[in-house]
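Working notes for the structure below.
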Amino acid sequence: MDRLQFSHETPRALGGGRDQAILGVVASGNLEVLMERVLEPDRCEIEITTPLGGYDAVWEAVIADFVERAAPGGVRISINDGGAQPDTVMLRLLQAARMMEGQS
Amino acid sequence: MSAPTADRAPSWYEASARARLAALLDRASFTEFLGPAARETSPHLPLFDLPRAFDDGIVVGRGTLDDRPVLAAAQEGRFMGGAFGEVHAAKLTGLLRAAAELRPAAVLILFDTGGVRLQEANAGETAISEIMRAIVEVRRAGVPVVGLVGGRAGAYGGGGLIAGTCARLVVSEQGRIAVSGPEVIETNHGVEEFDSKDRALVWRTMGGKHRALTGGADAYAADTAEAFRAAALRLIDRAPAFDLETMRAEQARLEARLERHGTAGDAPDIWSALGVPESGRVSALGDDAFAELLASSGDSHDAR
């Protein structure tokens, strides 16, 4: 089991009123994303647990791309991966960010 | 690409555990206990280098159903087949024990499970017994426990046993209820006895229509949250007393059923014996047509 951690600075806090969101399921080719609004508004920390080793660079690129697109400031993101493709990872991250941006 | 149309209600079978709860209970009424942020995950899966889920594949909490307080649990069939691991099972046991004290209007269990999680089998098997014991206590306290079966994994293994201890069961065509699953039977008794690849065989012998017709479930629902909600509401008020008389009546019903149908070769033979007209067509009937058929025939019972 590989554990990866990334930390990003963001230009702004993620909008919306929800403190927490969970999305997706740990299943083959899928993943679950847990977002918690617990950090300083200009920080985003991401922790990934994945059974597939050797894809650190891909994860780093997808996460960097997501942080740039969504500016998820203030949010700690925890991922349990089930071997998802990069496009699925990005989709789930954006869906979870959208949930956080909704009403509490 | 066109936008999704809203002319069909979302499928219960396809929905996640969380989506099912949200659609089943009164809008925004659900409060989760030990949610994903608590990170009560399996202590066993890392030993096998397997990924964990933050909620260990089950969502438990309280909410309201038509303004009546209920406790509810929903299994996620896509995470390890919805199987009972130690934490997963402990969350359900805890919910049931809370119900014996809090006495809500009902406990709803949204089954979606292949049974015990093999990687934590000892803990899981023990937990199945604990859950059944807890259901007995809840029913003794006068609280109906209603099982809803319509998920991808059905209710198999220990999940089938637990379903058997519920006061009432709702099942959809897609739902399956049994103890030994198709592949287990095939492995132990050979493909001539049961071909697990034969989907039609699996559904006509373990599926919702067969269970409803033979008194293995108390209500049949279409594959939507709305249908499951309506059926659950009906059944809550029709839960049987939990006493010796009920148990004896159920024992007698099951003995009579075995006596009558024990030598049947396949499910349609049983349906014919029950007086179902054109039993060969049952599998092809739509939900409404089947509900009509069920109302006019089938092995009705009130003894579970």
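Here, A, B, ... name the chains of the structure tokens in the order displayed, residue numbers run from 1 inside each chain, and ligands are numbered from 1 in the same displayed order.
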
Could you tell me which residues of chain B sit within 8 Å of chain A when counting only C-alpha atoms, and give me the result as a CSV table (one decimal) with all heavy atoms, in the first residue's frame?
```csv
chain,number,residue,atom,x,y,z
B,36,PRO,N,-17.5,9.2,7.8
B,36,PRO,CA,-16.2,8.9,7.2
B,36,PRO,C,-15.0,9.7,7.9
B,36,PRO,O,-13.9,9.2,7.9
B,36,PRO,CB,-16.3,9.3,5.8
B,36,PRO,CG,-17.6,10.0,5.7
B,36,PRO,CD,-18.5,9.6,6.8
B,37,ALA,N,-15.4,10.9,8.4
B,37,ALA,CA,-14.3,11.7,9.0
B,37,ALA,C,-13.8,11.1,10.3
B,37,ALA,O,-12.6,11.4,10.7
B,37,ALA,CB,-14.8,13.1,9.3
B,46,PRO,N,-5.2,-3.7,5.9
B,46,PRO,CA,-3.8,-3.4,5.6
B,46,PRO,C,-2.9,-4.6,5.6
B,46,PRO,O,-1.9,-4.6,4.9
B,46,PRO,CB,-3.5,-2.4,6.6
B,46,PRO,CG,-4.8,-1.8,7.1
B,46,PRO,CD,-5.8,-2.9,6.9
B,49,ASP,N,-2.7,-5.8,2.3
B,49,ASP,CA,-2.4,-4.8,1.3
B,49,ASP,C,-3.6,-4.4,0.5
B,49,ASP,O,-3.5,-4.2,-0.7
B,49,ASP,CB,-1.2,-5.3,0.4
B,49,ASP,CG,-0.3,-4.2,0.1
B,49,ASP,OD1,-0.2,-3.2,0.9
B,49,ASP,OD2,0.4,-4.2,-1.0
B,50,LEU,N,-4.7,-4.4,1.1
B,50,LEU,CA,-6.0,-4.0,0.4
B,50,LEU,C,-6.4,-2.6,0.9
B,50,LEU,O,-6.2,-2.3,2.1
B,50,LEU,CB,-7.1,-5.0,0.7
B,50,LEU,CG,-6.9,-6.4,0.1
B,50,LEU,CD1,-7.8,-7.4,0.7
B,50,LEU,CD2,-7.1,-6.3,-1.4
B,51,PRO,N,-7.0,-1.9,0.0
B,51,PRO,CA,-7.4,-0.5,0.4
B,51,PRO,C,-8.6,-0.5,1.3
B,51,PRO,O,-9.5,-1.4,1.3
B,51,PRO,CB,-7.8,0.1,-1.0
B,51,PRO,CG,-8.1,-1.0,-1.9
B,51,PRO,CD,-7.3,-2.2,-1.4
B,52,ARG,N,-8.7,0.5,2.2
B,52,ARG,CA,-9.8,0.6,3.1
B,52,ARG,C,-10.8,1.6,2.7
B,52,ARG,O,-10.4,2.5,1.8
B,52,ARG,CB,-9.3,1.0,4.5
B,52,ARG,CG,-8.4,-0.1,5.1
B,52,ARG,CD,-7.8,0.3,6.4
B,52,ARG,NE,-6.8,1.3,6.3
B,52,ARG,CZ,-6.0,1.8,7.3
B,52,ARG,NH1,-6.2,1.3,8.5
B,52,ARG,NH2,-5.1,2.6,7.1
B,53,ALA,N,-12.0,1.6,3.3
B,53,ALA,CA,-12.9,2.7,3.0
B,53,ALA,C,-13.1,3.4,4.3
B,53,ALA,O,-13.1,2.8,5.4
B,53,ALA,CB,-14.3,2.2,2.5
B,54,PHE,N,-13.3,4.8,4.3
B,54,PHE,CA,-13.4,5.6,5.5
B,54,PHE,C,-14.6,5.1,6.4
B,54,PHE,O,-14.5,5.3,7.6
B,54,PHE,CB,-13.5,7.0,5.2
B,54,PHE,CG,-12.2,7.6,4.6
B,54,PHE,CD1,-12.2,8.2,3.4
B,54,PHE,CD2,-11.0,7.6,5.4
B,54,PHE,CE1,-11.0,8.7,2.9
B,54,PHE,CE2,-9.9,8.1,4.8
B,54,PHE,CZ,-9.8,8.7,3.6
B,78,ARG,N,-20.6,-2.0,-3.5
B,78,ARG,CA,-19.4,-2.0,-4.4
B,78,ARG,C,-18.1,-2.0,-3.7
B,78,ARG,O,-17.0,-2.3,-4.3
B,78,ARG,CB,-19.5,-0.7,-5.3
B,78,ARG,CG,-20.6,-0.8,-6.3
B,78,ARG,CD,-20.7,0.5,-7.1
B,78,ARG,NE,-21.1,1.6,-6.2
B,78,ARG,CZ,-21.2,2.9,-6.5
B,78,ARG,NH1,-20.9,3.3,-7.7
B,78,ARG,NH2,-21.6,3.8,-5.6
B,79,PHE,N,-18.1,-1.7,-2.3
B,79,PHE,CA,-16.8,-1.9,-1.6
B,79,PHE,C,-16.8,-3.3,-1.0
B,79,PHE,O,-17.5,-3.7,-0.1
B,79,PHE,CB,-16.8,-0.8,-0.4
B,79,PHE,CG,-15.6,-1.0,0.5
B,79,PHE,CD1,-14.3,-0.8,0.0
B,79,PHE,CD2,-15.7,-1.4,1.8
B,79,PHE,CE1,-13.2,-1.0,0.8
B,79,PHE,CE2,-14.7,-1.6,2.6
B,79,PHE,CZ,-13.4,-1.4,2.1
B,80,MET,N,-15.8,-4.1,-1.6
B,80,MET,CA,-15.6,-5.5,-1.1
B,80,MET,C,-16.9,-6.3,-1.1
B,80,MET,O,-17.2,-7.0,-0.2
B,80,MET,CB,-14.9,-5.5,0.2
B,80,MET,CG,-13.7,-4.7,0.2
B,80,MET,SD,-12.4,-5.3,1.3
B,80,MET,CE,-11.9,-6.8,0.4
```

Self-check item: Close residues, segment 193-199 of chain B itself excluded, 12 Å, only C-alpha atoms, min 6 positions apart in chain, as a ChimeraX atom specification
Solution: /B:174,176,180-187,205-207,265-266,283

Quiz item: When DSSP works through the backbone of this structure, what residues of chain A end up as strand (DSSP E or B), shown as number ranges by chain?
Solution: A: 2-9, 13, 20-23, 31-37, 43-50, 73, 75-81

Convert the current residue selection to file output with N, CA, C and O atoms, as a compact mmCIF listing (two decimals), in the first residue's frame.
```
# COMPACT_ATOMS: atom_id res chain seq x y z
N ASP A 2 0.75 2.10 -1.01
CA ASP A 2 1.54 3.33 -1.08
C ASP A 2 0.78 4.50 -0.48
O ASP A 2 -0.43 4.61 -0.66
N ARG A 3 1.49 5.32 0.25
CA ARG A 3 0.86 6.53 0.80
C ARG A 3 1.60 7.76 0.26
O ARG A 3 2.81 7.88 0.40
N LEU A 4 0.86 8.62 -0.38
CA LEU A 4 1.45 9.84 -0.96
C LEU A 4 0.86 11.06 -0.29
O LEU A 4 -0.32 11.07 0.05
N GLN A 5 1.69 12.07 -0.10
CA GLN A 5 1.20 13.32 0.49
C GLN A 5 1.66 14.50 -0.34
O GLN A 5 2.82 14.55 -0.76
N PHE A 6 0.74 15.40 -0.58
CA PHE A 6 1.06 16.63 -1.29
C PHE A 6 0.51 17.82 -0.52
O PHE A 6 -0.51 17.72 0.16
N SER A 7 1.21 18.93 -0.63
CA SER A 7 0.75 20.15 0.03
C SER A 7 0.84 21.30 -0.98
O SER A 7 1.86 21.44 -1.67
N HIS A 8 -0.24 22.07 -1.08
CA HIS A 8 -0.27 23.16 -2.05
C HIS A 8 -0.70 24.46 -1.39
O HIS A 8 -1.48 24.45 -0.44
N GLU A 9 -0.19 25.55 -1.95
CA GLU A 9 -0.73 26.87 -1.59
C GLU A 9 -1.78 27.23 -2.62
O GLU A 9 -1.63 26.91 -3.79
N ALA A 13 -9.73 30.60 -0.75
CA ALA A 13 -10.41 29.48 -0.09
C ALA A 13 -11.48 28.92 -1.03
O ALA A 13 -12.06 29.65 -1.84
N GLN A 20 -17.73 19.34 5.02
CA GLN A 20 -17.26 17.99 4.74
C GLN A 20 -18.02 17.42 3.55
O GLN A 20 -19.20 17.69 3.36
N ALA A 21 -17.32 16.62 2.75
CA ALA A 21 -17.99 15.92 1.65
C ALA A 21 -17.30 14.60 1.42
O ALA A 21 -16.07 14.51 1.51
N ILE A 22 -18.08 13.59 1.12
CA ILE A 22 -17.51 12.28 0.77
C ILE A 22 -18.14 11.85 -0.53
O ILE A 22 -19.34 11.99 -0.74
N LEU A 23 -17.31 11.32 -1.43
CA LEU A 23 -17.81 10.99 -2.75
C LEU A 23 -17.04 9.80 -3.33
O LEU A 23 -15.85 9.67 -3.10
N LEU A 31 -12.54 5.29 -6.70
CA LEU A 31 -11.86 5.81 -5.51
C LEU A 31 -12.85 6.58 -4.67
O LEU A 31 -13.91 6.96 -5.15
N GLU A 32 -12.51 6.80 -3.39
CA GLU A 32 -13.34 7.70 -2.60
C GLU A 32 -12.51 8.91 -2.19
O GLU A 32 -11.32 8.81 -1.90
N VAL A 33 -13.21 10.04 -2.19
CA VAL A 33 -12.58 11.32 -1.86
C VAL A 33 -13.30 11.91 -0.66
O VAL A 33 -14.52 12.08 -0.68
N LEU A 34 -12.55 12.19 0.39
CA LEU A 34 -13.11 12.85 1.58
C LEU A 34 -12.50 14.24 1.67
O LEU A 34 -11.27 14.39 1.69
N MET A 35 -13.36 15.25 1.67
CA MET A 35 -12.88 16.64 1.82
C MET A 35 -13.35 17.19 3.14
O MET A 35 -14.52 17.03 3.51
N GLU A 36 -12.42 17.83 3.88
CA GLU A 36 -12.75 18.42 5.17
C GLU A 36 -12.19 19.83 5.22
O GLU A 36 -11.00 20.04 4.97
N ARG A 37 -13.04 20.78 5.60
CA ARG A 37 -12.61 22.18 5.66
C ARG A 37 -11.99 22.44 7.04
O ARG A 37 -12.67 22.86 7.96
N ARG A 43 -4.32 27.01 2.22
CA ARG A 43 -3.59 25.75 2.17
C ARG A 43 -4.51 24.63 1.67
O ARG A 43 -5.72 24.64 1.92
N CYS A 44 -3.90 23.68 0.99
CA CYS A 44 -4.62 22.46 0.63
C CYS A 44 -3.66 21.28 0.80
O CYS A 44 -2.54 21.31 0.26
N GLU A 45 -4.07 20.31 1.59
CA GLU A 45 -3.23 19.13 1.79
C GLU A 45 -3.96 17.90 1.28
O GLU A 45 -5.17 17.74 1.49
N ILE A 46 -3.21 17.06 0.65
CA ILE A 46 -3.80 15.87 0.03
C ILE A 46 -3.04 14.64 0.48
O ILE A 46 -1.81 14.61 0.42
N GLU A 47 -3.78 13.62 0.93
CA GLU A 47 -3.16 12.34 1.26
C GLU A 47 -3.85 11.24 0.48
O GLU A 47 -5.08 11.16 0.47
N ILE A 48 -3.04 10.42 -0.16
CA ILE A 48 -3.57 9.36 -1.02
C ILE A 48 -3.06 8.01 -0.55
O ILE A 48 -1.86 7.85 -0.31
N THR A 49 -3.97 7.07 -0.40
CA THR A 49 -3.57 5.68 -0.14
C THR A 49 -3.98 4.86 -1.34
O THR A 49 -5.15 4.86 -1.73
N THR A 50 -3.00 4.19 -1.95
CA THR A 50 -3.29 3.43 -3.17
C THR A 50 -2.59 2.08 -3.15
O THR A 50 -1.45 1.98 -2.70
N GLY A 73 -8.70 25.97 -1.36
CA GLY A 73 -8.05 26.46 -0.15
C GLY A 73 -8.84 26.10 1.10
O GLY A 73 -10.07 26.13 1.11
N VAL A 75 -8.93 23.16 2.53
CA VAL A 75 -9.50 21.81 2.51
C VAL A 75 -8.41 20.75 2.62
O VAL A 75 -7.40 20.80 1.92
N ARG A 76 -8.64 19.81 3.52
CA ARG A 76 -7.81 18.62 3.57
C ARG A 76 -8.51 17.53 2.78
O ARG A 76 -9.69 17.24 3.00
N ILE A 77 -7.79 16.94 1.84
CA ILE A 77 -8.37 15.93 0.94
C ILE A 77 -7.72 14.58 1.24
O ILE A 77 -6.50 14.47 1.24
N SER A 78 -8.56 13.60 1.52
CA SER A 78 -8.05 12.25 1.77
C SER A 78 -8.65 11.31 0.74
O SER A 78 -9.86 11.32 0.51
N ILE A 79 -7.79 10.52 0.13
CA ILE A 79 -8.24 9.64 -0.95
C ILE A 79 -7.90 8.19 -0.63
O ILE A 79 -6.76 7.88 -0.29
N ASN A 80 -8.90 7.31 -0.73
CA ASN A 80 -8.67 5.87 -0.75
C ASN A 80 -8.87 5.42 -2.18
O ASN A 80 -9.98 5.46 -2.71
N ASP A 81 -7.77 4.98 -2.80
CA ASP A 81 -7.83 4.64 -4.21
C ASP A 81 -8.07 3.15 -4.41
O ASP A 81 -7.57 2.33 -3.64
```

Practice problem: Taking the DSSP assignment computed from this structure's backbone, write out as a ChimeraX atom specification all residues of chain A that belong to alpha helix (DSSP H). | Solution: /A:56-70,86-100

Output of the above residues as a compact mmCIF listing (two decimals), in the first residue's frame, restricted to N, CA, C and O atoms:
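Final file, selection-v2.txt:
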```txt
# COMPACT_ATOMS: atom_id res chain seq x y z
N ASP A 56 3.58 7.76 -8.71
CA ASP A 56 3.70 9.01 -7.95
C ASP A 56 3.64 10.24 -8.85
O ASP A 56 2.96 11.23 -8.53
N ALA A 57 4.34 10.17 -9.97
CA ALA A 57 4.41 11.35 -10.86
C ALA A 57 3.03 11.66 -11.45
O ALA A 57 2.67 12.83 -11.61
N VAL A 58 2.25 10.60 -11.76
CA VAL A 58 0.92 10.81 -12.33
C VAL A 58 0.01 11.47 -11.28
O VAL A 58 -0.70 12.43 -11.56
N TRP A 59 0.05 10.94 -10.05
CA TRP A 59 -0.74 11.52 -8.97
C TRP A 59 -0.37 12.99 -8.77
O TRP A 59 -1.25 13.85 -8.64
N GLU A 60 0.93 13.25 -8.75
CA GLU A 60 1.39 14.63 -8.51
C GLU A 60 0.84 15.57 -9.58
O GLU A 60 0.36 16.67 -9.28
N ALA A 61 0.86 15.11 -10.83
CA ALA A 61 0.39 15.94 -11.94
C ALA A 61 -1.13 16.17 -11.85
O ALA A 61 -1.61 17.29 -12.04
N VAL A 62 -1.87 15.10 -11.56
CA VAL A 62 -3.34 15.23 -11.50
C VAL A 62 -3.73 16.17 -10.35
O VAL A 62 -4.60 17.04 -10.52
N ILE A 63 -3.09 15.99 -9.19
CA ILE A 63 -3.41 16.83 -8.04
C ILE A 63 -3.08 18.29 -8.33
O ILE A 63 -3.87 19.20 -8.03
N ALA A 64 -1.90 18.53 -8.94
CA ALA A 64 -1.50 19.91 -9.25
C ALA A 64 -2.50 20.54 -10.21
O ALA A 64 -2.90 21.71 -10.04
N ASP A 65 -2.94 19.77 -11.19
CA ASP A 65 -3.92 20.25 -12.17
C ASP A 65 -5.25 20.59 -11.46
O ASP A 65 -5.85 21.65 -11.70
N PHE A 66 -5.67 19.70 -10.57
CA PHE A 66 -6.93 19.93 -9.84
C PHE A 66 -6.83 21.19 -8.97
O PHE A 66 -7.75 22.02 -8.95
N VAL A 67 -5.72 21.33 -8.25
CA VAL A 67 -5.57 22.48 -7.35
C VAL A 67 -5.61 23.78 -8.16
O VAL A 67 -6.24 24.77 -7.76
N GLU A 68 -5.03 23.73 -9.34
CA GLU A 68 -5.03 24.92 -10.19
C GLU A 68 -6.45 25.24 -10.67
O GLU A 68 -6.86 26.40 -10.71
N ARG A 69 -7.19 24.22 -11.02
CA ARG A 69 -8.55 24.43 -11.55
C ARG A 69 -9.54 24.84 -10.47
O ARG A 69 -10.41 25.67 -10.69
N ALA A 70 -9.45 24.23 -9.27
CA ALA A 70 -10.51 24.41 -8.27
C ALA A 70 -10.14 25.35 -7.14
O ALA A 70 -11.01 25.82 -6.40
N PRO A 86 -6.47 8.31 -14.13
CA PRO A 86 -6.32 9.74 -13.82
C PRO A 86 -7.58 10.57 -14.11
O PRO A 86 -7.93 11.46 -13.35
N ASP A 87 -8.28 10.25 -15.22
CA ASP A 87 -9.48 11.05 -15.53
C ASP A 87 -10.58 10.82 -14.50
O ASP A 87 -11.32 11.74 -14.15
N THR A 88 -10.67 9.59 -13.98
CA THR A 88 -11.65 9.31 -12.93
C THR A 88 -11.28 10.06 -11.65
O THR A 88 -12.15 10.60 -10.96
N VAL A 89 -10.00 10.11 -11.35
CA VAL A 89 -9.53 10.82 -10.15
C VAL A 89 -9.93 12.30 -10.26
O VAL A 89 -10.49 12.88 -9.33
N MET A 90 -9.65 12.89 -11.43
CA MET A 90 -9.98 14.31 -11.61
C MET A 90 -11.48 14.54 -11.51
O MET A 90 -11.94 15.49 -10.86
N LEU A 91 -12.27 13.65 -12.11
CA LEU A 91 -13.72 13.78 -12.06
C LEU A 91 -14.22 13.75 -10.61
O LEU A 91 -15.01 14.61 -10.19
N ARG A 92 -13.74 12.79 -9.82
CA ARG A 92 -14.20 12.66 -8.42
C ARG A 92 -13.76 13.89 -7.61
O ARG A 92 -14.53 14.37 -6.76
N LEU A 93 -12.55 14.37 -7.85
CA LEU A 93 -12.08 15.56 -7.12
C LEU A 93 -12.97 16.76 -7.42
O LEU A 93 -13.38 17.50 -6.52
N LEU A 94 -13.28 16.93 -8.70
CA LEU A 94 -14.12 18.08 -9.08
C LEU A 94 -15.54 17.92 -8.53
O LEU A 94 -16.16 18.89 -8.09
N GLN A 95 -16.06 16.69 -8.55
CA GLN A 95 -17.40 16.45 -7.99
C GLN A 95 -17.43 16.75 -6.50
O GLN A 95 -18.37 17.36 -5.98
N ALA A 96 -16.38 16.31 -5.78
CA ALA A 96 -16.32 16.54 -4.33
C ALA A 96 -16.21 18.03 -4.03
O ALA A 96 -16.84 18.55 -3.10
N ALA A 97 -15.39 18.74 -4.82
CA ALA A 97 -15.25 20.19 -4.64
C ALA A 97 -16.59 20.87 -4.88
O ALA A 97 -16.99 21.79 -4.15
N ARG A 98 -17.35 20.39 -5.87
CA ARG A 98 -18.66 20.95 -6.16
C ARG A 98 -19.62 20.72 -4.98
O ARG A 98 -20.39 21.61 -4.62
N MET A 99 -19.51 19.54 -4.38
CA MET A 99 -20.35 19.27 -3.19
C MET A 99 -20.01 20.25 -2.06
O MET A 99 -20.90 20.77 -1.39
N MET A 100 -18.71 20.49 -1.86
CA MET A 100 -18.28 21.40 -0.79
C MET A 100 -18.82 22.81 -1.04
O MET A 100 -19.10 23.55 -0.11
```
